[in-house]
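All remarks here apply to the structure that follows.
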Amino acid sequence: MKSLKYYIIVLLLLSASYTADAQHRKSSRGNEFDFELRGGINLCQIDGDASGSYNKIGYHGALNTSFPLSDDGSWRFVVELGISQKGSRIESSSLDRHISLLYVEVPLMIAYDLLNNNQLRIGAGVALAILAKANVTTDGAYDALQSDNYKRMDALPICISIRYKFTEHIGADIRYYNSMLNTAKENGSGTYRIFRSNKGQFNRLLQAGITLNF
């Protein structure tokens, strides 16, 4: 009987030790940097270009890392570097124009992790974008004037992100981007954001893709 009590006490102590160690590892992991590769397609539109649908398909690819802002690691700050192809297609009886804008992006977001093992992450922030290449064709021919009409920097696109991990390392994400500042140098017409003098063209797009987490 004494032996049984002894074994029960030993088992309880071992169980408590294992639980405490598991909680420590979980807490430590939540307070580490994490890394993510992501890539996929863009469904793009430019507000103010006389076209109103997400009919330009582009691509994106990026690497990001995040670090904790809270003790449990649920609140995180995400820093990312990547490329993203934006633009639009204008197809009407009088105009056939394809706008392709390749940007180097640096999204900075506040994110929050949810569910078991942080499967779901939601985030929001800004995504500073530097124009690497602009290629505009009008009626099938390269349009140098229109290609040169885009500013070197899209300084204030807002972004909203949702990512879900199916396994520890593989997931999928969706993002929404909307430029808050005019991206064109000259504008014969256009819409505006925030205030009326901020008038012109604004990138707007949806991203969908896969993520590799490690």
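Residue numbering restarts at 1 in every chain; chains get A, B, ... in the order shown in the structure tokens, and ligands count up from 1 in that same order.
Backbone DSSP assigns alpha helix (DSSP H) in stretch 31-160 of chain A to Ala144, Leu145, Gln146 and Ser147 of chain A.
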message: Report as a PyMOL selection string all protein, DNA and RNA residues lying within 7 Å of stretch 80-92 of chain A, evaluated on only C-alpha atoms, omitting residues in the same chain fewer than 2 positions from it.
response: chain A and resi 44-46+51+55-56+58-65+78+94-108+203
Per residue of stretch 51-164 of chain A within 7 Å of stretch 173-195 of chain A, which atom pair is closest and at what distance in Å (one decimal), using only C-alpha atoms, listed by chain and increasing number, as CSV?
```
residue,atom,partner,partner_atom,distance
A:Asn149,CA,A:Lys185,CA,5.3
A:Tyr150,CA,A:Ala184,CA,4.4
A:Lys151,CA,A:Thr183,CA,5.5
A:Asp154,CA,A:Thr183,CA,5.8
A:Ala155,CA,A:Leu181,CA,6.9
A:Leu156,CA,A:Met180,CA,5.5
A:Pro157,CA,A:Ser179,CA,3.9
A:Ile158,CA,A:Asn178,CA,5.5
A:Cys159,CA,A:Tyr177,CA,4.5
A:Ile160,CA,A:Tyr176,CA,5.3
A:Ser161,CA,A:Arg175,CA,4.4
A:Ile162,CA,A:Ile174,CA,5.4
A:Arg163,CA,A:Asp173,CA,4.1
A:Tyr164,CA,A:Asp173,CA,6.3
```
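You can rank A:Gln146, A:Gln207, A:Ser74, A:Thr138 by their closest distance to A:Leu120 using only C-alpha atoms, and at the top of that list sits A:Ser74.
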query: Mind checking DSSP for stretch 51-161 of chain A and telling me the strand (DSSP E) residues as JSON, numbers by chain?
result: {"A": [56, 57, 58, 59, 60, 61, 62, 63, 64, 65, 66, 67, 68, 75, 76, 77, 78, 79, 80, 81, 82, 83, 84, 85, 86, 87, 88, 89, 90, 91, 96, 97, 98, 99, 100, 101, 102, 103, 104, 105, 106, 107, 108, 109, 110, 111, 112, 113, 114, 120, 121, 122, 123, 124, 125, 126, 127, 128, 129, 130, 131, 132, 133, 134, 135, 136, 137, 138, 141, 142, 153, 154, 157, 158, 159, 160, 161]}
- prompt: Counting only C-alpha atoms, what is within 9 Å of A:Ile170, bar same-chain residues fewer than 6 positions away, as a ChimeraX atom specification?
  reply: /A:164,210-213
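Here atom CA of A:Leu206 is placed at a distance of 21.7 Å from atom CA of A:Arg152.
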